[in-house]
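Encoded as structure tokens, the structure appears first; notes follow it.
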Amino acid sequence: MVFHDQPDPNEREFDRSLRPGTFADFVGQEQIRDNLRIAIAAARERSEPLDHVLLCGPPGLGKTTLAHLIAQGMGSDLVITSGPALGAPKDLAGTLTRLKRNQVLFIDEIHRLPKALEEYLYSAMEDHAIDVVLDPGPSGRSVRLGVQPFTLVGATTREGLLTAAFRSRFGILERLEPYPHKDIEQILLRAAVRLGVTLEPAAAQLCAERSRGTPRMSLRILRRVRDLAQVQQKPAIDAAAATEGLLRLRIDHLGLEEVDRKLLRALIQRGDAIGLKTLAAMIDEAEDTLEDVLEPHLIRCDLLARTPRGRVATPRAYEHLGLPAPAKAPGELPLG
């Protein structure tokens with residue numbers, strides 16, 4: 001069971017039902033939350049749209065939730081789209097010209113926006129106008145259309161893929177970090193109340209410790225553990241139910257799932273540095289999944305290292321899998 005960035009429709013609806021309704025209900029990321037609240041309050045006092053916002057960070061940390069809270073704070077509707085959905089200028093032009101004054105446009109995976117559309121957005125973000133080409137070619141004509149003042153909220157897991165010119169047009173740039181266990185516990189306990197189930201503190205701690213510091217993953221673990229406790233007719237989700245549920249999900253004490261261990265075994269089996277494309281083919285996963293979902297946690301746990309020659313397993317990876325570490329060649333630097 002792999003918790004990828006794109007949940008299935010049922011899980012997406014589940015996550016939405018547990019989404020905090022106000023900044024006060026949003027647990028964690030205190031500095032980011034306070035910065036946004038101040039910016040929103042100031043913009044509303046001036047009766048101006050909020051500066052454009054870029055939210056960066058790994059999947060599942062709350063970028064979409066913050067976009068909803070920004071729109072709510074501005075007293076506006078949220079218009080949602082994504083980089084891959086905007087393939088041509090006409091797609092973006094239609095979205096921009098339909099925006100109402102002070103509305104919030106949320107573009108998920110904004111790093112996947114075609115470069116031509118990035119430049120198309122510049123004039124909309126700064127000058128509130130877009131140039132639509134009517135007749136392409138040397139004698140082509142274009143018409144300039146006005147766009148209502150709006151706030152663009154972009155979410156990205158790959159900030160480095162955005163051009164410097166595009167990043168500079170965002171007045172507010174915030175980077176989300178994985179949550180400490182205590183914050184995840186708070187999120188789980190609040191979610192359990194909203195679900196109408198009792199989650200014992202020891203069970204919340206177990207689930208939080210294996211959630212990679214990611215609220216989305218913790219809520220999906222809660223969903224599965226809740227199912228188990230229900231089938232076992234337990235009045236509450238206790239530590240025993242949480243332990244059994246995590247065992248059934250094959251999530252170990254570091255939050256690693258079977259696909260993570262498969263990745264580490266592939267590195268160890270090869271015994272040498274491996275490039276991204278080769279590694280993706282070896283474990284039958286998309287390159288984006290490796291870079292955005294799997295590798296960041298493995299690197300934080302000191303199980304994988306990126307070197308100029310490729311990815312390598314660290315000595316701790318051998319230890320975690322119960323395998324003997326390779327003998328170090330003379331003059332070789334230690335891995336990691």
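In the structure tokens, chains take letters A, B, ... by order of appearance, with residues numbered from 1 within each chain and ligands from 1 in the order shown.
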
Pull the closest atom pair for each residue of stretch 183-210 of chain A that gets at most 12 Å from stretch 54-71 of chain A, along with the distance in Å to one decimal, counting only C-alpha atoms, ordering rows by chain and then ascending residue number, as a tab-separated table.
residue	atom	partner	partner_atom	distance
A:Asp183	CA	A:Leu61	CA	11.7
A:Ile184	CA	A:Leu61	CA	10.6
A:Ile187	CA	A:Gly62	CA	11.7

Generate the output file for the selected residues, N, CA and C atoms, as a compact mmCIF listing (two decimals), in the first residue's frame.
# COMPACT_ATOMS: atom_id res chain seq x y z
N ASP A 183 2.63 17.40 16.59
CA ASP A 183 1.61 18.05 15.75
C ASP A 183 0.75 17.01 15.04
N ILE A 184 1.37 15.94 14.56
CA ILE A 184 0.61 14.88 13.89
C ILE A 184 -0.37 14.24 14.88
N ILE A 187 -3.34 16.43 15.14
CA ILE A 187 -4.17 16.29 13.94
C ILE A 187 -5.01 15.03 14.01

*Selection near stretch 189-201 of chain A, 6 Å with only C-alpha atoms, sequence-local residues under 2 positions removed, as a PyMOL selection string*: chain A and resi 186-187+203-204+236-238

_I'd like the contact shell of A:Pro180 - 10 Å cut-off, only C-alpha atoms, skipping same-chain residues fewer than 2 positions apart - returned as a ChimeraX atom specification._
/A:28-29,177-178,182-185,208-209,212-214

Output file for the residues above (C-alpha atoms, as a PDB file, in the first residue's frame):
ATOM      1  CA  GLY A  28       1.411  22.992  12.763  1.00  0.00           C
ATOM      2  CA  GLN A  29       3.403  25.255  10.422  1.00  0.00           C
ATOM      3  CA  GLU A 177       8.308  21.243   6.329  1.00  0.00           C
ATOM      4  CA  PRO A 178       7.371  17.782   7.657  1.00  0.00           C
ATOM      5  CA  LYS A 182       3.362  16.026  18.467  1.00  0.00           C
ATOM      6  CA  ASP A 183       1.611  18.048  15.751  1.00  0.00           C
ATOM      7  CA  ILE A 184       0.607  14.875  13.891  1.00  0.00           C
ATOM      8  CA  GLU A 185      -0.830  13.490  17.139  1.00  0.00           C
ATOM      9  CA  ALA A 208       2.044   9.705  14.292  1.00  0.00           C
ATOM     10  CA  GLU A 209       5.514   8.198  14.597  1.00  0.00           C
ATOM     11  CA  ARG A 212       6.593  10.470   7.862  1.00  0.00           C
ATOM     12  CA  GLY A 213       5.572  13.805   9.382  1.00  0.00           C
ATOM     13  CA  THR A 214       2.803  14.005   6.754  1.00  0.00           C
TER      14      THR A 214
END

All residues 9 Å or closer to stretch 94-111 of chain A, only C-alpha atoms, same chain fewer than 5 positions away omitted, as an mmCIF file with N, CA and C atoms, in the first residue's frame:
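File result.cif, as written:
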data_model
loop_
_atom_site.group_PDB
_atom_site.id
_atom_site.type_symbol
_atom_site.label_atom_id
_atom_site.label_comp_id
_atom_site.auth_asym_id
_atom_site.auth_seq_id
_atom_site.Cartn_x
_atom_site.Cartn_y
_atom_site.Cartn_z
ATOM 1 N N GLU A 48 -7.625 45.339 -0.919
ATOM 2 C CA GLU A 48 -6.813 44.920 -2.065
ATOM 3 C C GLU A 48 -6.753 43.400 -2.110
ATOM 4 N N PRO A 49 -6.486 42.850 -3.292
ATOM 5 C CA PRO A 49 -6.249 41.404 -3.342
ATOM 6 C C PRO A 49 -4.946 41.061 -2.630
ATOM 7 N N LEU A 50 -4.877 39.891 -2.069
ATOM 8 C CA LEU A 50 -3.661 39.420 -1.414
ATOM 9 C C LEU A 50 -2.554 39.250 -2.448
ATOM 10 N N LYS A 63 -0.699 22.065 1.487
ATOM 11 C CA LYS A 63 -0.679 23.205 0.567
ATOM 12 C C LYS A 63 -2.084 23.513 0.049
ATOM 13 N N THR A 64 -2.821 22.469 -0.326
ATOM 14 C CA THR A 64 -4.190 22.682 -0.813
ATOM 15 C C THR A 64 -5.078 23.229 0.301
ATOM 16 N N ALA A 67 -4.507 26.848 0.704
ATOM 17 C CA ALA A 67 -5.144 27.608 -0.375
ATOM 18 C C ALA A 67 -6.619 27.844 -0.063
ATOM 19 N N HIS A 68 -7.304 26.821 0.454
ATOM 20 C CA HIS A 68 -8.708 26.985 0.852
ATOM 21 C C HIS A 68 -8.837 28.012 1.967
ATOM 22 N N ILE A 70 -6.793 30.480 2.625
ATOM 23 C CA ILE A 70 -6.505 31.810 2.088
ATOM 24 C C ILE A 70 -7.761 32.393 1.435
ATOM 25 N N ALA A 71 -8.441 31.598 0.626
ATOM 26 C CA ALA A 71 -9.661 32.074 -0.036
ATOM 27 C C ALA A 71 -10.730 32.420 0.998
ATOM 28 N N MET A 74 -9.934 35.640 2.698
ATOM 29 C CA MET A 74 -10.186 36.793 1.833
ATOM 30 C C MET A 74 -11.669 36.958 1.519
ATOM 31 N N GLY A 75 -12.514 36.051 2.039
ATOM 32 C CA GLY A 75 -13.946 36.139 1.768
ATOM 33 C C GLY A 75 -14.270 35.905 0.318
ATOM 34 N N SER A 76 -13.521 34.993 -0.308
ATOM 35 C CA SER A 76 -13.647 34.774 -1.747
ATOM 36 C C SER A 76 -13.795 33.289 -2.050
ATOM 37 N N ASP A 77 -14.212 33.004 -3.268
ATOM 38 C CA ASP A 77 -14.255 31.617 -3.736
ATOM 39 C C ASP A 77 -12.869 31.189 -4.194
ATOM 40 N N LEU A 78 -12.639 29.875 -4.181
ATOM 41 C CA LEU A 78 -11.377 29.324 -4.662
ATOM 42 C C LEU A 78 -11.612 28.629 -5.991
ATOM 43 N N VAL A 79 -10.883 29.054 -7.016
ATOM 44 C CA VAL A 79 -10.931 28.406 -8.326
ATOM 45 C C VAL A 79 -9.717 27.484 -8.423
ATOM 46 N N ILE A 80 -9.957 26.203 -8.646
ATOM 47 C CA ILE A 80 -8.889 25.209 -8.578
ATOM 48 C C ILE A 80 -8.593 24.633 -9.956
ATOM 49 N N THR A 81 -7.307 24.578 -10.288
ATOM 50 C CA THR A 81 -6.852 23.898 -11.500
ATOM 51 C C THR A 81 -5.457 23.358 -11.214
ATOM 52 N N SER A 82 -4.801 22.805 -12.223
ATOM 53 C CA SER A 82 -3.455 22.265 -12.021
ATOM 54 C C SER A 82 -2.608 22.509 -13.253
ATOM 55 N N GLY A 83 -1.288 22.462 -13.071
ATOM 56 C CA GLY A 83 -0.376 22.698 -14.180
ATOM 57 C C GLY A 83 -0.630 21.794 -15.371
ATOM 58 N N PRO A 84 -0.757 20.459 -15.167
ATOM 59 C CA PRO A 84 -0.987 19.574 -16.317
ATOM 60 C C PRO A 84 -2.302 19.833 -17.033
ATOM 61 N N PRO A 89 -2.506 28.196 -24.187
ATOM 62 C CA PRO A 89 -2.901 29.535 -23.741
ATOM 63 C C PRO A 89 -4.402 29.734 -23.627
ATOM 64 N N ALA A 124 -0.809 38.931 -16.499
ATOM 65 C CA ALA A 124 -2.027 38.786 -15.707
ATOM 66 C C ALA A 124 -1.749 39.058 -14.238
ATOM 67 N N ALA A 129 -3.930 41.953 -17.187
ATOM 68 C CA ALA A 129 -4.338 41.900 -18.587
ATOM 69 C C ALA A 129 -3.589 40.757 -19.264
ATOM 70 N N ILE A 130 -4.169 40.228 -20.337
ATOM 71 C CA ILE A 130 -3.513 39.184 -21.125
ATOM 72 C C ILE A 130 -3.645 39.516 -22.597
ATOM 73 N N LEU A 145 -6.939 41.629 -23.353
ATOM 74 C CA LEU A 145 -8.131 41.476 -22.533
ATOM 75 C C LEU A 145 -7.804 41.793 -21.085
ATOM 76 N N GLY A 146 -8.700 42.502 -20.438
ATOM 77 C CA GLY A 146 -8.506 42.814 -19.028
ATOM 78 C C GLY A 146 -8.830 41.613 -18.141
ATOM 79 N N VAL A 147 -8.137 41.535 -17.026
ATOM 80 C CA VAL A 147 -8.361 40.488 -16.027
ATOM 81 C C VAL A 147 -8.612 41.173 -14.692
ATOM 82 N N GLN A 148 -9.618 40.725 -13.987
ATOM 83 C CA GLN A 148 -9.908 41.313 -12.682
ATOM 84 C C GLN A 148 -8.733 41.069 -11.728
ATOM 85 N N PRO A 149 -8.431 42.022 -10.833
ATOM 86 C CA PRO A 149 -7.376 41.787 -9.840
ATOM 87 C C PRO A 149 -7.675 40.503 -9.053
ATOM 88 N N PHE A 150 -6.692 39.619 -8.975
ATOM 89 C CA PHE A 150 -6.892 38.323 -8.351
ATOM 90 C C PHE A 150 -5.632 37.920 -7.602
ATOM 91 N N THR A 151 -5.730 36.840 -6.834
ATOM 92 C CA THR A 151 -4.574 36.277 -6.132
ATOM 93 C C THR A 151 -4.287 34.901 -6.697
ATOM 94 N N LEU A 152 -3.069 34.699 -7.153
ATOM 95 C CA LEU A 152 -2.643 33.377 -7.618
ATOM 96 C C LEU A 152 -1.948 32.663 -6.463
ATOM 97 N N VAL A 153 -2.434 31.470 -6.141
ATOM 98 C CA VAL A 153 -1.771 30.615 -5.160
ATOM 99 C C VAL A 153 -1.243 29.399 -5.916
ATOM 100 N N GLY A 154 0.070 29.254 -5.945
ATOM 101 C CA GLY A 154 0.686 28.117 -6.619
ATOM 102 C C GLY A 154 1.230 27.131 -5.600
ATOM 103 N N ALA A 155 1.080 25.851 -5.876
ATOM 104 C CA ALA A 155 1.629 24.809 -5.012
ATOM 105 C C ALA A 155 2.589 23.962 -5.823
ATOM 106 N N THR A 156 3.755 23.683 -5.247
ATOM 107 C CA THR A 156 4.744 22.897 -5.975
ATOM 108 C C THR A 156 5.554 22.030 -5.028
ATOM 109 N N THR A 157 5.887 20.844 -5.503
ATOM 110 C CA THR A 157 6.818 19.975 -4.783
ATOM 111 C C THR A 157 8.220 20.120 -5.352
ATOM 112 N N ARG A 158 8.354 20.876 -6.452
ATOM 113 C CA ARG A 158 9.646 21.004 -7.144
ATOM 114 C C ARG A 158 9.917 22.463 -7.454
ATOM 115 N N GLU A 159 10.193 23.237 -6.421
ATOM 116 C CA GLU A 159 10.396 24.677 -6.592
ATOM 117 C C GLU A 159 11.500 24.978 -7.595
ATOM 118 N N GLY A 160 12.524 24.134 -7.637
ATOM 119 C CA GLY A 160 13.653 24.389 -8.524
ATOM 120 C C GLY A 160 13.309 24.348 -9.996
ATOM 121 N N LEU A 161 12.158 23.762 -10.362
ATOM 122 C CA LEU A 161 11.763 23.709 -11.772
ATOM 123 C C LEU A 161 11.089 24.997 -12.244
ATOM 124 N N LEU A 162 10.765 25.887 -11.306
ATOM 125 C CA LEU A 162 10.195 27.174 -11.700
ATOM 126 C C LEU A 162 11.320 28.132 -12.075
#

*Per-residue DSSP, stretch 27-186 of chain A, filtered to helix (DSSP H, G or I), as a VMD selection string*: chain A and resid 30 to 45 63 to 73 83 to 85 89 to 97 110 to 112 115 to 127 159 to 161 164 to 167 181 to 186

Can I get the selected residues back with C-alpha atoms, as a PDB file, in the first residue's frame?
ATOM      1  CA  GLU A  30       2.868  28.074  12.937  1.00  0.00           C
ATOM      2  CA  GLN A  31       5.163  30.610  11.263  1.00  0.00           C
ATOM      3  CA  ILE A  32       3.585  30.107   7.848  1.00  0.00           C
ATOM      4  CA  ARG A  33       0.081  30.191   9.281  1.00  0.00           C
ATOM      5  CA  ASP A  34       0.754  33.434  11.175  1.00  0.00           C
ATOM      6  CA  ASN A  35       2.444  35.077   8.173  1.00  0.00           C
ATOM      7  CA  LEU A  36      -0.580  34.325   5.998  1.00  0.00           C
ATOM      8  CA  ARG A  37      -3.052  35.545   8.597  1.00  0.00           C
ATOM      9  CA  ILE A  38      -1.204  38.867   8.896  1.00  0.00           C
ATOM     10  CA  ALA A  39      -0.968  39.296   5.108  1.00  0.00           C
ATOM     11  CA  ILE A  40      -4.673  38.518   4.674  1.00  0.00           C
ATOM     12  CA  ALA A  41      -5.719  40.931   7.449  1.00  0.00           C
ATOM     13  CA  ALA A  42      -3.597  43.711   5.938  1.00  0.00           C
ATOM     14  CA  ALA A  43      -4.919  43.112   2.415  1.00  0.00           C
ATOM     15  CA  ARG A  44      -8.513  43.183   3.620  1.00  0.00           C
ATOM     16  CA  GLU A  45      -7.951  46.440   5.503  1.00  0.00           C
ATOM     17  CA  LYS A  63      -0.679  23.205   0.567  1.00  0.00           C
ATOM     18  CA  THR A  64      -4.190  22.682  -0.813  1.00  0.00           C
ATOM     19  CA  THR A  65      -5.689  23.195   2.650  1.00  0.00           C
ATOM     20  CA  LEU A  66      -3.824  26.502   3.023  1.00  0.00           C
ATOM     21  CA  ALA A  67      -5.144  27.608  -0.375  1.00  0.00           C
ATOM     22  CA  HIS A  68      -8.708  26.985   0.852  1.00  0.00           C
ATOM     23  CA  LEU A  69      -7.998  28.909   4.054  1.00  0.00           C
ATOM     24  CA  ILE A  70      -6.505  31.810   2.088  1.00  0.00           C
ATOM     25  CA  ALA A  71      -9.661  32.074  -0.036  1.00  0.00           C
ATOM     26  CA  GLN A  72     -11.836  31.834   3.061  1.00  0.00           C
ATOM     27  CA  GLY A  73      -9.775  34.494   4.819  1.00  0.00           C
ATOM     28  CA  GLY A  83      -0.376  22.698 -14.180  1.00  0.00           C
ATOM     29  CA  PRO A  84      -0.987  19.574 -16.317  1.00  0.00           C
ATOM     30  CA  ALA A  85      -4.605  20.648 -16.967  1.00  0.00           C
ATOM     31  CA  PRO A  89      -2.901  29.535 -23.741  1.00  0.00           C
ATOM     32  CA  LYS A  90      -6.627  29.289 -24.481  1.00  0.00           C
ATOM     33  CA  ASP A  91      -7.107  27.089 -21.391  1.00  0.00           C
ATOM     34  CA  LEU A  92      -5.438  29.648 -19.154  1.00  0.00           C
ATOM     35  CA  ALA A  93      -7.114  32.608 -20.893  1.00  0.00           C
ATOM     36  CA  GLY A  94     -10.542  31.130 -20.274  1.00  0.00           C
ATOM     37  CA  THR A  95      -9.772  30.567 -16.592  1.00  0.00           C
ATOM     38  CA  LEU A  96      -8.305  34.049 -16.064  1.00  0.00           C
ATOM     39  CA  THR A  97     -11.050  35.990 -17.844  1.00  0.00           C
ATOM     40  CA  ILE A 110       2.469  24.692 -10.860  1.00  0.00           C
ATOM     41  CA  HIS A 111       5.969  23.486 -11.786  1.00  0.00           C
ATOM     42  CA  ARG A 112       4.317  21.409 -14.532  1.00  0.00           C
ATOM     43  CA  LYS A 115       6.986  27.582 -19.868  1.00  0.00           C
ATOM     44  CA  ALA A 116       4.967  29.464 -22.483  1.00  0.00           C
ATOM     45  CA  LEU A 117       2.091  29.711 -20.030  1.00  0.00           C
ATOM     46  CA  GLU A 118       4.405  30.936 -17.277  1.00  0.00           C
ATOM     47  CA  GLU A 119       5.200  33.964 -19.442  1.00  0.00           C
ATOM     48  CA  TYR A 120       1.511  34.294 -20.288  1.00  0.00           C
ATOM     49  CA  LEU A 121       0.775  34.648 -16.576  1.00  0.00           C
ATOM     50  CA  TYR A 122       3.281  37.479 -16.048  1.00  0.00           C
ATOM     51  CA  SER A 123       1.040  40.220 -17.441  1.00  0.00           C
ATOM     52  CA  ALA A 124      -2.027  38.786 -15.707  1.00  0.00           C
ATOM     53  CA  MET A 125      -0.256  38.765 -12.330  1.00  0.00           C
ATOM     54  CA  GLU A 126       1.256  42.236 -12.651  1.00  0.00           C
ATOM     55  CA  ASP A 127      -0.805  44.229 -15.156  1.00  0.00           C
ATOM     56  CA  GLU A 159      10.396  24.677  -6.592  1.00  0.00           C
ATOM     57  CA  GLY A 160      13.653  24.389  -8.524  1.00  0.00           C
ATOM     58  CA  LEU A 161      11.763  23.709 -11.772  1.00  0.00           C
ATOM     59  CA  ALA A 164      13.600  32.693 -11.362  1.00  0.00           C
ATOM     60  CA  ALA A 165      11.460  35.222 -13.255  1.00  0.00           C
ATOM     61  CA  PHE A 166       8.295  33.347 -12.336  1.00  0.00           C
ATOM     62  CA  ARG A 167       9.238  32.849  -8.663  1.00  0.00           C
ATOM     63  CA  HIS A 181       5.183  13.916  15.860  1.00  0.00           C
ATOM     64  CA  LYS A 182       3.362  16.026  18.467  1.00  0.00           C
ATOM     65  CA  ASP A 183       1.611  18.048  15.751  1.00  0.00           C
ATOM     66  CA  ILE A 184       0.607  14.875  13.891  1.00  0.00           C
ATOM     67  CA  GLU A 185      -0.830  13.490  17.139  1.00  0.00           C
ATOM     68  CA  GLN A 186      -2.936  16.644  17.520  1.00  0.00           C
TER      69      GLN A 186
END

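Minimum atom-to-atom distances from A:Thr307, A:Phe23, A:Leu256, A:Pro315 to A:Val293 were compared using only C-alpha atoms, and the lowest value belongs to A:Leu256.
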
*Name the closest residue to A:Ala240 among the candidates A:Thr314, A:Leu254, A:Gly275, A:Leu206; distances are taken between atoms, counting only C-alpha atoms.*
A:Leu206

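Counting from atom CA of A:Lys262, the distance to atom CA of A:Lys277 is 15.6 Å.
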
*Residue set, stretch 24-234 of chain A restricted to strand (DSSP E or B), as a PyMOL selection string*: chain A and resi 53-56+78-82+104-108+129-133+142-146+151-156+172-175+199

Compile the contact shell of A:Leu247 as a PDB file with N, CA and C atoms, in the first residue's frame: residues with an atom at most 12 Å away, counting only C-alpha atoms, same-chain residues fewer than 3 positions apart removed.
ATOM      1  N   MET A   1       0.859  -1.203   0.000  1.00  0.00           N
ATOM      2  CA  MET A   1       0.000   0.000   0.000  1.00  0.00           C
ATOM      3  C   MET A   1       0.878   1.230   0.000  1.00  0.00           C
ATOM      4  N   LEU A 206       1.575   6.138  18.225  1.00  0.00           N
ATOM      5  CA  LEU A 206       2.096   5.106  17.314  1.00  0.00           C
ATOM      6  C   LEU A 206       1.872   5.501  15.856  1.00  0.00           C
ATOM      7  N   CYS A 207       0.644   5.928  15.543  1.00  0.00           N
ATOM      8  CA  CYS A 207       0.328   6.305  14.155  1.00  0.00           C
ATOM      9  C   CYS A 207       1.140   7.521  13.723  1.00  0.00           C
ATOM     10  N   ARG A 210       4.780   6.923  12.648  1.00  0.00           N
ATOM     11  CA  ARG A 210       4.990   6.199  11.392  1.00  0.00           C
ATOM     12  C   ARG A 210       4.372   6.908  10.191  1.00  0.00           C
ATOM     13  N   ILE A 221      -3.754   6.387   7.521  1.00  0.00           N
ATOM     14  CA  ILE A 221      -3.496   5.347   8.508  1.00  0.00           C
ATOM     15  C   ILE A 221      -4.656   5.279   9.494  1.00  0.00           C
ATOM     16  N   ARG A 224      -7.609   3.355   8.093  1.00  0.00           N
ATOM     17  CA  ARG A 224      -7.455   1.891   8.083  1.00  0.00           C
ATOM     18  C   ARG A 224      -7.519   1.314   9.498  1.00  0.00           C
ATOM     19  N   VAL A 225      -6.923   2.014  10.456  1.00  0.00           N
ATOM     20  CA  VAL A 225      -6.944   1.523  11.831  1.00  0.00           C
ATOM     21  C   VAL A 225      -8.364   1.599  12.393  1.00  0.00           C
ATOM     22  N   LEU A 228     -10.214  -1.450  11.236  1.00  0.00           N
ATOM     23  CA  LEU A 228      -9.828  -2.644  11.984  1.00  0.00           C
ATOM     24  C   LEU A 228     -10.506  -2.668  13.355  1.00  0.00           C
ATOM     25  N   ALA A 240      -3.108  -1.577  20.789  1.00  0.00           N
ATOM     26  CA  ALA A 240      -3.071  -2.902  20.162  1.00  0.00           C
ATOM     27  C   ALA A 240      -3.655  -2.850  18.754  1.00  0.00           C
ATOM     28  N   ALA A 241      -4.781  -2.138  18.590  1.00  0.00           N
ATOM     29  CA  ALA A 241      -5.396  -2.011  17.260  1.00  0.00           C
ATOM     30  C   ALA A 241      -4.481  -1.234  16.316  1.00  0.00           C
ATOM     31  N   ALA A 242      -3.850  -0.174  16.835  1.00  0.00           N
ATOM     32  CA  ALA A 242      -2.936   0.617  16.000  1.00  0.00           C
ATOM     33  C   ALA A 242      -1.733  -0.223  15.572  1.00  0.00           C
ATOM     34  N   THR A 243      -1.182  -0.994  16.504  1.00  0.00           N
ATOM     35  CA  THR A 243      -0.025  -1.833  16.188  1.00  0.00           C
ATOM     36  C   THR A 243      -0.378  -2.873  15.131  1.00  0.00           C
ATOM     37  N   GLU A 244      -1.514  -3.533  15.315  1.00  0.00           N
ATOM     38  CA  GLU A 244      -1.932  -4.546  14.335  1.00  0.00           C
ATOM     39  C   GLU A 244      -2.224  -3.906  12.977  1.00  0.00           C
ATOM     40  N   ARG A 250       2.048  -2.962   6.700  1.00  0.00           N
ATOM     41  CA  ARG A 250       3.497  -3.180   6.496  1.00  0.00           C
ATOM     42  C   ARG A 250       4.275  -1.861   6.558  1.00  0.00           C
ATOM     43  N   ILE A 251       3.882  -1.039   7.521  1.00  0.00           N
ATOM     44  CA  ILE A 251       4.591   0.214   7.778  1.00  0.00           C
ATOM     45  C   ILE A 251       5.454   0.003   9.011  1.00  0.00           C
ATOM     46  N   ASP A 252       6.768   0.124   8.857  1.00  0.00           N
ATOM     47  CA  ASP A 252       7.663  -0.180   9.978  1.00  0.00           C
ATOM     48  C   ASP A 252       7.874   1.044  10.873  1.00  0.00           C
ATOM     49  N   HIS A 253       8.760   0.903  11.844  1.00  0.00           N
ATOM     50  CA  HIS A 253       8.914   1.947  12.864  1.00  0.00           C
ATOM     51  C   HIS A 253       9.502   3.240  12.319  1.00  0.00           C
ATOM     52  N   GLY A 255       8.441   4.404   9.409  1.00  0.00           N
ATOM     53  CA  GLY A 255       7.446   4.882   8.448  1.00  0.00           C
ATOM     54  C   GLY A 255       7.662   4.351   7.044  1.00  0.00           C
ATOM     55  N   LEU A 256       8.540   3.377   6.881  1.00  0.00           N
ATOM     56  CA  LEU A 256       8.813   2.807   5.563  1.00  0.00           C
ATOM     57  C   LEU A 256       7.742   1.784   5.199  1.00  0.00           C
ATOM     58  N   GLU A 257       7.325   1.827   3.944  1.00  0.00           N
ATOM     59  CA  GLU A 257       6.399   0.843   3.406  1.00  0.00           C
ATOM     60  C   GLU A 257       7.169  -0.142   2.534  1.00  0.00           C
ATOM     61  N   GLU A 258       6.443  -1.087   1.968  1.00  0.00           N
ATOM     62  CA  GLU A 258       7.120  -2.132   1.188  1.00  0.00           C
ATOM     63  C   GLU A 258       7.857  -1.545  -0.015  1.00  0.00           C
TER      64      GLU A 258
END

*Pick from A:Arg220, A:Leu176, A:Ile268, A:Glu287: nearest to A:Leu188, with only C-alpha atoms counted?*
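Of A:Arg220, A:Leu176, A:Ile268, A:Glu287, the one nearest A:Leu188, counting only C-alpha atoms, is A:Arg220.
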
*Measure the distance from atom CA of A:Cys301 to atom CA of A:Arg223 in Å and round it to one decimal.*
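The value is 25.3 Å.
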
*Show which residues sit within 9 Å of A:Leu279, as a VMD selection string. Count only C-alpha atoms, and ignore same-chain residues fewer than 3 positions away.*
chain A and resid 263 266 to 267 274 to 276 282 to 285 287 290 311
